[in-house]
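The next block is query-v1.cif, given as mmCIF, C-alpha atoms and all ligand atoms.
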data_upload
#
loop_
_atom_site.group_PDB
_atom_site.id
_atom_site.type_symbol
_atom_site.label_atom_id
_atom_site.label_comp_id
_atom_site.auth_asym_id
_atom_site.auth_seq_id
_atom_site.Cartn_x
_atom_site.Cartn_y
_atom_site.Cartn_z
ATOM 1 C CA MET A 1 25.249 -13.243 3.499
ATOM 2 C CA PRO A 2 22.596 -11.656 5.749
ATOM 3 C CA ILE A 3 22.034 -14.834 7.798
ATOM 4 C CA VAL A 4 25.093 -15.855 9.788
ATOM 5 C CA LEU A 5 24.617 -19.329 11.250
ATOM 6 C CA PRO A 6 26.368 -20.403 14.457
ATOM 7 C CA GLN A 7 29.969 -21.491 13.903
ATOM 8 C CA GLY A 8 30.341 -24.933 12.358
ATOM 9 C CA LYS A 9 26.739 -25.121 11.150
ATOM 10 C CA ARG A 10 26.119 -25.782 7.467
ATOM 11 C CA CYS A 11 22.353 -25.258 7.443
ATOM 12 C CA ALA A 12 19.358 -24.623 9.683
ATOM 13 C CA VAL A 13 16.314 -26.851 10.034
ATOM 14 C CA CYS A 14 13.098 -25.892 11.756
ATOM 15 C CA VAL A 15 10.102 -28.022 12.534
ATOM 16 C CA SER A 16 7.089 -25.715 12.454
ATOM 17 C CA ILE A 17 3.687 -26.827 13.636
ATOM 18 C CA ASP A 18 0.430 -24.980 12.987
ATOM 19 C CA THR A 19 -1.863 -25.912 15.856
ATOM 20 C CA ASP A 20 -5.047 -25.332 13.857
ATOM 21 C CA CYS A 21 -6.995 -28.264 15.385
ATOM 22 C CA TRP A 22 -10.688 -27.394 14.842
ATOM 23 C CA SER A 23 -10.227 -23.637 14.276
ATOM 24 C CA ILE A 24 -9.688 -23.899 10.509
ATOM 25 C CA MET A 25 -12.881 -25.884 9.938
ATOM 26 C CA LEU A 26 -14.999 -23.604 12.124
ATOM 27 C CA ARG A 27 -13.563 -20.584 10.329
ATOM 28 C CA MET A 28 -14.447 -22.144 6.984
ATOM 29 C CA ARG A 29 -17.947 -22.714 8.327
ATOM 30 C CA ALA A 30 -18.153 -19.110 9.618
ATOM 31 C CA VAL A 31 -17.360 -17.632 6.208
ATOM 32 C CA GLY A 32 -19.670 -20.030 4.374
ATOM 33 C CA LEU A 33 -17.037 -22.235 2.765
ATOM 34 C CA ILE A 34 -18.664 -25.357 4.158
ATOM 35 C CA GLY A 35 -22.368 -25.892 4.733
ATOM 36 C CA GLU A 36 -24.366 -25.700 7.947
ATOM 37 C CA GLY A 37 -25.069 -29.401 8.056
ATOM 38 C CA THR A 38 -21.441 -30.360 7.728
ATOM 39 C CA TYR A 39 -20.134 -29.208 11.045
ATOM 40 C CA GLY A 40 -20.985 -30.826 14.379
ATOM 41 C CA PRO A 41 -19.440 -33.135 16.942
ATOM 42 C CA ILE A 42 -18.161 -35.639 14.375
ATOM 43 C CA ASN A 43 -16.013 -33.156 12.507
ATOM 44 C CA PHE A 44 -15.208 -30.983 15.526
ATOM 45 C CA THR A 45 -13.595 -33.899 17.304
ATOM 46 C CA ARG A 46 -11.372 -34.641 14.304
ATOM 47 C CA GLY A 47 -9.758 -31.292 15.163
ATOM 48 C CA GLU A 48 -9.871 -31.979 18.889
ATOM 49 C CA PHE A 49 -7.715 -35.029 18.218
ATOM 50 C CA GLY A 50 -4.934 -32.600 17.296
ATOM 51 C CA ALA A 51 -4.963 -30.846 20.673
ATOM 52 C CA THR A 52 -5.394 -33.911 22.849
ATOM 53 C CA VAL A 53 -3.405 -36.592 21.009
ATOM 54 C CA GLY A 54 -1.458 -35.008 18.144
ATOM 55 C CA ILE A 55 0.404 -32.342 20.132
ATOM 56 C CA PRO A 56 1.742 -34.741 22.836
ATOM 57 C CA ARG A 57 2.808 -37.248 20.162
ATOM 58 C CA ILE A 58 4.693 -34.597 18.194
ATOM 59 C CA MET A 59 6.350 -33.294 21.375
ATOM 60 C CA GLU A 60 7.515 -36.799 22.224
ATOM 61 C CA VAL A 61 9.254 -37.173 18.838
ATOM 62 C CA LEU A 62 10.790 -33.695 19.109
ATOM 63 C CA ASP A 63 12.133 -34.578 22.566
ATOM 64 C CA LYS A 64 13.675 -37.766 21.185
ATOM 65 C CA TYR A 65 15.826 -35.712 18.772
ATOM 66 C CA ASN A 66 16.243 -32.748 21.128
ATOM 67 C CA VAL A 67 14.490 -30.416 18.684
ATOM 68 C CA SER A 68 13.001 -27.074 19.752
ATOM 69 C CA ALA A 69 10.265 -26.110 17.314
ATOM 70 C CA THR A 70 7.991 -23.200 16.416
ATOM 71 C CA TRP A 71 4.260 -23.665 16.986
ATOM 72 C CA PHE A 72 1.994 -21.182 15.186
ATOM 73 C CA THR A 73 -1.095 -21.093 17.359
ATOM 74 C CA PRO A 74 -4.505 -19.498 16.731
ATOM 75 C CA GLY A 75 -5.521 -17.426 19.754
ATOM 76 C CA VAL A 76 -8.725 -19.418 20.224
ATOM 77 C CA ILE A 77 -6.684 -22.617 20.623
ATOM 78 C CA ALA A 78 -4.527 -20.911 23.288
ATOM 79 C CA ASP A 79 -7.711 -19.704 25.034
ATOM 80 C CA THR A 80 -9.259 -23.197 24.940
ATOM 81 C CA TYR A 81 -6.182 -25.244 25.890
ATOM 82 C CA PRO A 82 -3.956 -22.772 27.804
ATOM 83 C CA HIS A 83 -2.316 -25.586 29.807
ATOM 84 C CA VAL A 84 -1.313 -27.370 26.572
ATOM 85 C CA ILE A 85 0.157 -24.241 24.965
ATOM 86 C CA LYS A 86 1.917 -23.326 28.220
ATOM 87 C CA GLU A 87 3.511 -26.746 28.397
ATOM 88 C CA ILE A 88 4.789 -26.394 24.816
ATOM 89 C CA ALA A 89 6.346 -23.021 25.702
ATOM 90 C CA ASP A 90 7.698 -24.287 29.034
ATOM 91 C CA ARG A 91 9.578 -27.034 27.165
ATOM 92 C CA GLY A 92 11.511 -24.352 25.282
ATOM 93 C CA HIS A 93 9.509 -24.185 22.072
ATOM 94 C CA GLU A 94 8.426 -20.938 20.425
ATOM 95 C CA ILE A 95 4.757 -19.980 20.157
ATOM 96 C CA GLY A 96 3.991 -17.918 17.035
ATOM 97 C CA HIS A 97 0.839 -16.055 15.978
ATOM 98 C CA HIS A 98 -1.642 -17.692 13.605
ATOM 99 C CA GLY A 99 -4.670 -15.387 13.765
ATOM 100 C CA TYR A 100 -7.289 -15.462 16.489
ATOM 101 C CA PHE A 101 -9.752 -17.794 14.780
ATOM 102 C CA HIS A 102 -7.643 -18.852 11.815
ATOM 103 C CA GLU A 103 -8.812 -15.830 9.856
ATOM 104 C CA CYS A 104 -6.981 -14.830 6.688
ATOM 105 C CA PRO A 105 -5.752 -11.199 6.533
ATOM 106 C CA GLY A 106 -6.872 -10.768 2.935
ATOM 107 C CA SER A 107 -10.501 -11.394 3.937
ATOM 108 C CA MET A 108 -10.639 -8.649 6.586
ATOM 109 C CA ASN A 109 -10.765 -4.869 6.671
ATOM 110 C CA GLU A 110 -8.022 -3.026 8.559
ATOM 111 C CA LYS A 111 -9.991 -2.716 11.813
ATOM 112 C CA GLU A 112 -10.890 -6.407 11.860
ATOM 113 C CA GLU A 113 -7.329 -7.318 11.046
ATOM 114 C CA ARG A 114 -5.883 -5.252 13.919
ATOM 115 C CA GLU A 115 -8.406 -6.781 16.332
ATOM 116 C CA SER A 116 -7.483 -10.265 15.121
ATOM 117 C CA PHE A 117 -3.774 -9.618 15.726
ATOM 118 C CA GLU A 118 -4.362 -8.075 19.136
ATOM 119 C CA ARG A 119 -6.706 -10.838 20.338
ATOM 120 C CA GLY A 120 -4.217 -13.471 19.181
ATOM 121 C CA ILE A 121 -1.338 -11.759 21.003
ATOM 122 C CA THR A 122 -3.382 -11.467 24.211
ATOM 123 C CA ALA A 123 -4.388 -15.139 24.101
ATOM 124 C CA ILE A 124 -0.775 -16.302 23.658
ATOM 125 C CA GLU A 125 0.467 -13.934 26.366
ATOM 126 C CA ASN A 126 -2.234 -15.170 28.752
ATOM 127 C CA ALA A 127 -1.282 -18.800 28.148
ATOM 128 C CA THR A 128 2.506 -18.495 28.101
ATOM 129 C CA GLY A 129 3.477 -15.113 29.531
ATOM 130 C CA GLN A 130 5.366 -14.432 26.280
ATOM 131 C CA ARG A 131 4.548 -12.174 23.350
ATOM 132 C CA PRO A 132 4.724 -13.835 19.921
ATOM 133 C CA GLN A 133 7.400 -12.511 17.559
ATOM 134 C CA GLY A 134 6.570 -14.518 14.444
ATOM 135 C CA TYR A 135 3.440 -14.854 12.319
ATOM 136 C CA ARG A 136 2.102 -17.273 9.745
ATOM 137 C CA VAL A 137 -0.961 -16.469 7.620
ATOM 138 C CA PRO A 138 -3.929 -18.764 8.265
ATOM 139 C CA PHE A 139 -5.410 -19.936 4.978
ATOM 140 C CA GLU A 140 -9.150 -19.995 4.465
ATOM 141 C CA ILE A 141 -9.082 -22.741 1.904
ATOM 142 C CA PRO A 142 -9.795 -22.109 -0.940
ATOM 143 C CA ASN A 143 -10.898 -18.483 -1.035
ATOM 144 C CA CYS A 144 -8.203 -16.563 0.823
ATOM 145 C CA ASN A 145 -4.516 -17.198 1.342
ATOM 146 C CA GLU A 146 -3.078 -13.684 1.099
ATOM 147 C CA LEU A 147 -1.915 -10.674 3.056
ATOM 148 C CA SER A 148 -4.018 -7.532 2.962
ATOM 149 C CA LYS A 149 -2.330 -4.268 2.014
ATOM 150 C CA HIS A 150 -2.205 -3.437 5.748
ATOM 151 C CA THR A 151 -0.702 -6.664 7.100
ATOM 152 C CA ILE A 152 2.997 -5.817 6.913
ATOM 153 C CA LYS A 153 2.494 -2.384 8.467
ATOM 154 C CA ILE A 154 0.435 -3.878 11.316
ATOM 155 C CA LEU A 155 3.010 -6.622 11.948
ATOM 156 C CA MET A 156 5.805 -4.065 12.241
ATOM 157 C CA GLU A 157 3.765 -1.762 14.493
ATOM 158 C CA LEU A 158 3.066 -4.698 16.809
ATOM 159 C CA GLY A 159 6.764 -5.554 17.029
ATOM 160 C CA PHE A 160 6.840 -8.797 15.028
ATOM 161 C CA LYS A 161 10.283 -9.850 13.838
ATOM 162 C CA TYR A 162 9.306 -12.200 11.024
ATOM 163 C CA ILE A 163 6.593 -13.768 8.925
ATOM 164 C CA SER A 164 6.948 -17.395 7.843
ATOM 165 C CA GLN A 165 5.345 -17.872 4.482
ATOM 166 C CA HIS A 166 5.837 -19.058 0.965
ATOM 167 C CA MET A 167 6.788 -15.524 0.009
ATOM 168 C CA GLY A 168 9.881 -13.877 -1.422
ATOM 169 C CA PRO A 169 11.855 -15.260 -4.324
ATOM 170 C CA TYR A 170 13.736 -18.038 -2.493
ATOM 171 C CA ASP A 171 12.856 -21.436 -1.081
ATOM 172 C CA PHE A 172 15.811 -21.976 1.280
ATOM 173 C CA LYS A 173 16.938 -18.408 2.049
ATOM 174 C CA VAL A 174 15.639 -15.873 4.511
ATOM 175 C CA THR A 175 14.946 -12.432 3.034
ATOM 176 C CA LYS A 176 13.633 -9.085 4.117
ATOM 177 C CA VAL A 177 9.980 -8.589 3.218
ATOM 178 C CA ARG A 178 9.234 -6.220 0.338
ATOM 179 C CA ASP A 179 6.172 -4.094 0.979
ATOM 180 C CA GLY A 180 4.116 -2.020 -1.432
ATOM 181 C CA ASP A 181 4.351 -4.059 -4.638
ATOM 182 C CA GLU A 182 1.750 -3.074 -7.216
ATOM 183 C CA TYR A 183 0.560 -5.647 -9.707
ATOM 184 C CA TYR A 184 -1.186 -4.953 -12.979
ATOM 185 C CA PHE A 185 -2.784 -7.073 -15.645
ATOM 186 C CA ASP A 186 -1.509 -5.174 -18.671
ATOM 187 C CA ARG A 187 2.043 -4.052 -17.732
ATOM 188 C CA PRO A 188 4.990 -5.004 -15.567
ATOM 189 C CA PRO A 189 4.621 -4.824 -11.797
ATOM 190 C CA LYS A 190 5.987 -1.985 -9.689
ATOM 191 C CA PHE A 191 8.171 -3.281 -6.894
ATOM 192 C CA GLY A 192 7.901 -1.944 -3.346
ATOM 193 C CA LYS A 193 10.652 -1.444 -0.775
ATOM 194 C CA GLU A 194 12.290 -3.790 1.683
ATOM 195 C CA VAL A 195 11.135 -3.254 5.258
ATOM 196 C CA ASN A 196 12.400 -4.235 8.657
ATOM 197 C CA LEU A 197 10.609 -7.586 8.776
ATOM 198 C CA LEU A 198 12.039 -10.961 7.744
ATOM 199 C CA ASN A 199 10.409 -13.676 5.694
ATOM 200 C CA ILE A 200 11.364 -17.183 6.782
ATOM 201 C CA PRO A 201 10.292 -19.297 3.818
ATOM 202 C CA VAL A 202 8.211 -22.439 3.883
ATOM 203 C CA ASN A 203 6.563 -24.241 1.022
ATOM 204 C CA GLU A 204 3.668 -26.597 0.621
ATOM 205 C CA LEU A 205 5.801 -29.361 -0.878
ATOM 206 C CA ILE A 206 7.201 -30.114 2.553
ATOM 207 C CA GLU A 207 3.919 -29.600 4.410
ATOM 208 C CA ASP A 208 1.869 -32.454 5.810
ATOM 209 C CA ASP A 209 -1.503 -31.059 4.749
ATOM 210 C CA LEU A 210 -0.644 -31.128 1.061
ATOM 211 C CA ALA A 211 0.038 -34.829 1.436
ATOM 212 C CA TYR A 212 -2.743 -35.747 3.825
ATOM 213 C CA PHE A 213 -5.464 -33.129 4.222
ATOM 214 C CA LEU A 214 -6.306 -31.515 0.917
ATOM 215 C CA GLY A 215 -8.102 -34.484 -0.518
ATOM 216 C CA VAL A 216 -11.527 -34.919 -2.044
ATOM 217 C CA SER A 217 -13.000 -32.595 0.591
ATOM 218 C CA PRO A 218 -11.939 -31.321 4.026
ATOM 219 C CA PHE A 219 -13.831 -34.284 5.504
ATOM 220 C CA TYR A 220 -12.240 -36.972 3.383
ATOM 221 C CA PRO A 221 -8.512 -36.554 3.786
ATOM 222 C CA LYS A 222 -6.075 -37.670 1.177
ATOM 223 C CA LEU A 223 -4.129 -40.749 2.172
ATOM 224 C CA ASP A 224 -0.660 -40.473 0.788
ATOM 225 C CA ASN A 225 1.791 -43.282 1.277
ATOM 226 C CA PRO A 226 4.252 -42.222 4.015
ATOM 227 C CA SER A 227 7.188 -43.619 2.037
ATOM 228 C CA LYS A 228 6.282 -41.291 -0.850
ATOM 229 C CA VAL A 229 5.984 -38.312 1.501
ATOM 230 C CA TYR A 230 9.313 -39.266 3.117
ATOM 231 C CA GLU A 231 10.990 -39.398 -0.269
ATOM 232 C CA ILE A 232 9.772 -35.907 -1.216
ATOM 233 C CA TRP A 233 10.719 -34.351 2.141
ATOM 234 C CA LYS A 234 14.112 -36.079 2.145
ATOM 235 C CA MET A 235 15.006 -35.060 -1.406
ATOM 236 C CA ASP A 236 14.114 -31.439 -0.723
ATOM 237 C CA PHE A 237 16.346 -31.558 2.336
ATOM 238 C CA ASP A 238 19.156 -33.293 0.402
ATOM 239 C CA TYR A 239 19.083 -30.645 -2.325
ATOM 240 C CA MET A 240 19.216 -27.820 0.200
ATOM 241 C CA TYR A 241 22.023 -29.546 2.128
ATOM 242 C CA GLU A 242 24.181 -30.129 -0.951
ATOM 243 C CA HIS A 243 23.490 -27.038 -3.033
ATOM 244 C CA GLU A 244 22.460 -24.272 -0.661
ATOM 245 C CA PRO A 245 25.077 -24.009 2.094
ATOM 246 C CA GLY A 246 23.883 -21.597 4.753
ATOM 247 C CA GLY A 247 20.321 -22.468 3.790
ATOM 248 C CA PHE A 248 17.220 -23.171 5.778
ATOM 249 C CA TYR A 249 14.676 -25.991 5.560
ATOM 250 C CA ALA A 250 11.353 -26.042 7.398
ATOM 251 C CA LEU A 251 8.752 -28.721 7.720
ATOM 252 C CA VAL A 252 5.162 -27.555 8.186
ATOM 253 C CA LEU A 253 3.039 -29.902 10.300
ATOM 254 C CA HIS A 254 -0.430 -29.934 11.847
ATOM 255 C CA PRO A 255 -1.205 -32.002 14.973
ATOM 256 C CA GLU A 256 -4.538 -33.182 13.553
ATOM 257 C CA SER A 257 -2.710 -34.525 10.469
ATOM 258 C CA THR A 258 0.754 -35.567 11.607
ATOM 259 C CA GLY A 259 -0.549 -36.778 14.961
ATOM 260 C CA ARG A 260 -1.978 -39.908 13.297
ATOM 261 C CA ALA A 261 0.051 -43.031 13.996
ATOM 262 C CA HIS A 262 1.777 -43.799 10.674
ATOM 263 C CA ARG A 263 2.544 -40.108 10.141
ATOM 264 C CA ILE A 264 4.167 -39.788 13.559
ATOM 265 C CA MET A 265 6.402 -42.667 12.505
ATOM 266 C CA LEU A 266 7.249 -40.733 9.329
ATOM 267 C CA LEU A 267 8.159 -37.653 11.405
ATOM 268 C CA ASP A 268 10.443 -39.820 13.526
ATOM 269 C CA GLN A 269 12.044 -41.234 10.380
ATOM 270 C CA ILE A 270 12.759 -37.865 8.710
ATOM 271 C CA LEU A 271 14.135 -36.316 11.917
ATOM 272 C CA GLN A 272 16.368 -39.320 12.414
ATOM 273 C CA TYR A 273 17.714 -38.920 8.870
ATOM 274 C CA ILE A 274 18.301 -35.163 9.171
ATOM 275 C CA SER A 275 19.828 -35.366 12.648
ATOM 276 C CA GLN A 276 22.549 -37.724 11.391
ATOM 277 C CA LYS A 277 23.821 -35.150 8.878
ATOM 278 C CA GLU A 278 26.898 -33.143 9.794
ATOM 279 C CA GLY A 279 26.432 -29.452 10.601
ATOM 280 C CA VAL A 280 22.636 -29.329 10.887
ATOM 281 C CA TRP A 281 21.325 -26.725 13.313
ATOM 282 C CA PHE A 282 17.804 -27.497 14.536
ATOM 283 C CA CYS A 283 16.387 -24.187 15.657
ATOM 284 C CA ARG A 284 13.233 -22.263 16.342
ATOM 285 C CA MET A 285 12.374 -19.655 13.734
ATOM 286 C CA ILE A 286 13.023 -16.812 16.160
ATOM 287 C CA ASP A 287 16.563 -18.173 16.673
ATOM 288 C CA LEU A 288 17.121 -18.019 12.914
ATOM 289 C CA ALA A 289 15.689 -14.488 12.733
ATOM 290 C CA LYS A 290 18.234 -13.441 15.345
ATOM 291 C CA CYS A 291 21.036 -14.603 13.000
ATOM 292 C CA TRP A 292 20.172 -11.858 10.508
ATOM 293 C CA LYS A 293 22.979 -9.308 10.123
ATOM 294 C CA ASP A 294 22.289 -6.101 8.213
HETATM 295 ZN ZN ZN B 301 -3.384 -22.944 9.873
#
Whole structure, structure tokens version:
Amino acid sequence: MPIVLPQGKRCAVCVSIDTDCWSIMLRMRAVGLIGEGTYGPINFTRGEFGATVGIPRIMEVLDKYNVSATWFTPGVIADTYPHVIKEIADRGHEIGHHGYFHECPGSMNEKEERESFERGITAIENATGQRPQGYRVPFEIPNCNELSKHTIKILMELGFKYISQHMGPYDFKVTKVRDGDEYYFDRPPKFGKEVNLLNIPVNELIEDDLAYFLGVSPFYPKLDNPSKVYEIWKMDFDYMYEHEPGGFYALVLHPESTGRAHRIMLLDQILQYISQKEGVWFCRMIDLAKCWKD
């Protein structure tokens, strides 16, 4: 078992928060995914809500259950709200890398990709004094949600310890990343080799944006019933808890989505449920990565 949890712990649970705020929408505008007339102060401030209201509300719930989380932060958000990102880090949370301007690796050439990583690292270091060790791919919905063929090499060169993605064959198990796969359309794939980088899995089924954000359009969010979302998140947790001892479960949240009132109440409800279970270890993703034993 490559992951060795602290003694007495049955499973690990991480709350991960992608602090996209307005960066995702402006990135979509920059690459032409949404039109010129659809982005101004009305839609910008929907994202601003995440930084000014959503983040403090999420931190308050995390404090209530004594949970240290991992916050994947675009560099431009750290540059715009350094005091907010510093406060998150000062409270013991982890700040991970999430691009500079929420750009997707698969949409960039190697030079652009390196610059994006380096700018993001600098922004987080400037805000917190700490270098990020984990990365999550920013999605440019709907045209790019993939690594480039350079991403894994760049991550390792820059000293990252893990990537947190829906990647690898498992949902509740950490694996080493396999690099260099080749896929064809007329024959079986050729598998690459495992490298010294971990994948900490997440999946969209326990992500707030699948329930709330990806509706009719980016401007008209879906409105899922919180009791339905709770049921899905709870049952995924219950399955992992019962059937995957030593496993790992991660929620994926966004302050501009989960920060809304009824969804904050849902977050409180699911953390209350999970925290009452025996042997649950709430941890930051970097803490889990450190449990890997070769
Ligand atoms: Zn994002």
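Considering all atoms listed in the file, every residue of the polymer chains approaching ligand ZN 301 (chain B) to 8 Å or closer is listed here: Asp18, Thr19, Asp20, Ile24, Phe72, Pro74, His98, His102, Arg136, Val137, Pro138, Phe139 and His254 of chain A.
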Selection near A:Asp236, 10 Å with all atoms listed in the file, sequence-local residues under 3 positions removed, as a ChimeraX atom specification:
/A:172,205-206,230-233,239-241,249
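Going from atom CA of A:Leu26 over to atom CA of A:Met167, you cover 26.2 Å.
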Write out, as CSV, each residue of stretch 63-119 of chain A that has an atom at most 10 Å from stretch 269-280 of chain A, together with the closest pair of atoms and their distance in Å to one decimal, counting only C-alpha atoms, rows going by chain and rising number.
residue,atom,partner,partner_atom,distance
A:Lys64,CA,A:Gln272,CA,9.3
A:Tyr65,CA,A:Leu271,CA,7.1
A:Asn66,CA,A:Ser275,CA,9.6
A:Val67,CA,A:Leu271,CA,9.0
Selected by the PyMOL selection byres (((chain A and resi 34) around 12) and not hetatm) in the shown coordinates: which residues, as number ranges by chain?
A: 24-33, 35-40, 43, 140-143, 217-219
Given the file shown, determine the residues that the PyMOL selection byres (((chain A and resi 188-203) around 8) and not hetatm) selects; report them as a ChimeraX atom specification.
/A:156,160-168,170-184,186-187,204-207,249-252,285,289
Please produce a file of those selected residues containing C-alpha atoms, as a PDB file, keeping the file's coordinate frame.
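What landed in selection-v3.pdb:
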ATOM      1  CA  MET A 156       5.805  -4.065  12.241  1.00  0.00           C
ATOM      2  CA  PHE A 160       6.840  -8.797  15.028  1.00  0.00           C
ATOM      3  CA  LYS A 161      10.283  -9.850  13.838  1.00  0.00           C
ATOM      4  CA  TYR A 162       9.306 -12.200  11.024  1.00  0.00           C
ATOM      5  CA  ILE A 163       6.593 -13.768   8.925  1.00  0.00           C
ATOM      6  CA  SER A 164       6.948 -17.395   7.843  1.00  0.00           C
ATOM      7  CA  GLN A 165       5.345 -17.872   4.482  1.00  0.00           C
ATOM      8  CA  HIS A 166       5.837 -19.058   0.965  1.00  0.00           C
ATOM      9  CA  MET A 167       6.788 -15.524   0.009  1.00  0.00           C
ATOM     10  CA  GLY A 168       9.881 -13.877  -1.422  1.00  0.00           C
ATOM     11  CA  TYR A 170      13.736 -18.038  -2.493  1.00  0.00           C
ATOM     12  CA  ASP A 171      12.856 -21.436  -1.081  1.00  0.00           C
ATOM     13  CA  PHE A 172      15.811 -21.976   1.280  1.00  0.00           C
ATOM     14  CA  LYS A 173      16.938 -18.408   2.049  1.00  0.00           C
ATOM     15  CA  VAL A 174      15.639 -15.873   4.511  1.00  0.00           C
ATOM     16  CA  THR A 175      14.946 -12.432   3.034  1.00  0.00           C
ATOM     17  CA  LYS A 176      13.633  -9.085   4.117  1.00  0.00           C
ATOM     18  CA  VAL A 177       9.980  -8.589   3.218  1.00  0.00           C
ATOM     19  CA  ARG A 178       9.234  -6.220   0.338  1.00  0.00           C
ATOM     20  CA  ASP A 179       6.172  -4.094   0.979  1.00  0.00           C
ATOM     21  CA  GLY A 180       4.116  -2.020  -1.432  1.00  0.00           C
ATOM     22  CA  ASP A 181       4.351  -4.059  -4.638  1.00  0.00           C
ATOM     23  CA  GLU A 182       1.750  -3.074  -7.216  1.00  0.00           C
ATOM     24  CA  TYR A 183       0.560  -5.647  -9.707  1.00  0.00           C
ATOM     25  CA  TYR A 184      -1.186  -4.953 -12.979  1.00  0.00           C
ATOM     26  CA  ASP A 186      -1.509  -5.174 -18.671  1.00  0.00           C
ATOM     27  CA  ARG A 187       2.043  -4.052 -17.732  1.00  0.00           C
ATOM     28  CA  GLU A 204       3.668 -26.597   0.621  1.00  0.00           C
ATOM     29  CA  LEU A 205       5.801 -29.361  -0.878  1.00  0.00           C
ATOM     30  CA  ILE A 206       7.201 -30.114   2.553  1.00  0.00           C
ATOM     31  CA  GLU A 207       3.919 -29.600   4.410  1.00  0.00           C
ATOM     32  CA  TYR A 249      14.676 -25.991   5.560  1.00  0.00           C
ATOM     33  CA  ALA A 250      11.353 -26.042   7.398  1.00  0.00           C
ATOM     34  CA  LEU A 251       8.752 -28.721   7.720  1.00  0.00           C
ATOM     35  CA  VAL A 252       5.162 -27.555   8.186  1.00  0.00           C
ATOM     36  CA  MET A 285      12.374 -19.655  13.734  1.00  0.00           C
ATOM     37  CA  ALA A 289      15.689 -14.488  12.733  1.00  0.00           C
TER      38      ALA A 289
END
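For the pair atom CA of A:Glu244 and atom CA of A:His93, the interatomic distance is 26.2 Å.
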Residues near A:Val61, anyone? I mean within 8 Å using all atoms listed in the file, not counting same-chain ones fewer than 4 positions away, as number ranges by chain.
A: 57, 65, 264, 267-268
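Reported to one decimal place, the separation of atom CA of A:Gly247 from atom CA of A:Pro169 is 13.8 Å.
For the set A:Arg10, A:His97, A:Arg114, A:Lys86, the residue with the smallest atom-to-atom gap to A:Trp71 is A:His97, counting all atoms listed in the file.
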What would stretch 135-148 of chain A look like with N, CA and C atoms in place, written as a CSV table (one decimal), in the coordinates of the input?
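Resulting contents of result.csv:
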chain,number,residue,atom,x,y,z
A,135,TYR,N,4.8,-14.7,12.8
A,135,TYR,CA,3.4,-14.9,12.3
A,135,TYR,C,3.4,-15.7,11.1
A,136,ARG,N,2.4,-16.5,11.0
A,136,ARG,CA,2.1,-17.3,9.7
A,136,ARG,C,0.6,-17.0,9.4
A,137,VAL,N,0.4,-16.7,8.1
A,137,VAL,CA,-1.0,-16.5,7.6
A,137,VAL,C,-1.8,-17.7,7.7
A,138,PRO,N,-3.0,-17.6,8.3
A,138,PRO,CA,-3.9,-18.8,8.3
A,138,PRO,C,-4.6,-18.7,6.9
A,139,PHE,N,-4.7,-19.9,6.3
A,139,PHE,CA,-5.4,-19.9,5.0
A,139,PHE,C,-6.9,-20.3,5.2
A,140,GLU,N,-7.7,-19.6,4.5
A,140,GLU,CA,-9.2,-20.0,4.5
A,140,GLU,C,-9.3,-20.7,3.1
A,141,ILE,N,-9.1,-22.0,3.2
A,141,ILE,CA,-9.1,-22.7,1.9
A,141,ILE,C,-10.5,-22.8,1.3
A,142,PRO,N,-10.8,-22.5,0.1
A,142,PRO,CA,-9.8,-22.1,-0.9
A,142,PRO,C,-9.9,-20.6,-1.3
A,143,ASN,N,-10.6,-19.8,-0.5
A,143,ASN,CA,-10.9,-18.5,-1.0
A,143,ASN,C,-9.9,-17.4,-0.6
A,144,CYS,N,-9.1,-17.6,0.4
A,144,CYS,CA,-8.2,-16.6,0.8
A,144,CYS,C,-6.9,-17.1,1.4
A,145,ASN,N,-5.8,-16.8,0.8
A,145,ASN,CA,-4.5,-17.2,1.3
A,145,ASN,C,-3.5,-16.1,1.2
A,146,GLU,N,-3.9,-14.8,1.4
A,146,GLU,CA,-3.1,-13.7,1.1
A,146,GLU,C,-3.1,-12.7,2.2
A,147,LEU,N,-2.0,-11.8,2.2
A,147,LEU,CA,-1.9,-10.7,3.1
A,147,LEU,C,-2.9,-9.6,2.5
A,148,SER,N,-3.3,-8.7,3.4
A,148,SER,CA,-4.0,-7.5,3.0
A,148,SER,C,-2.9,-6.5,2.7
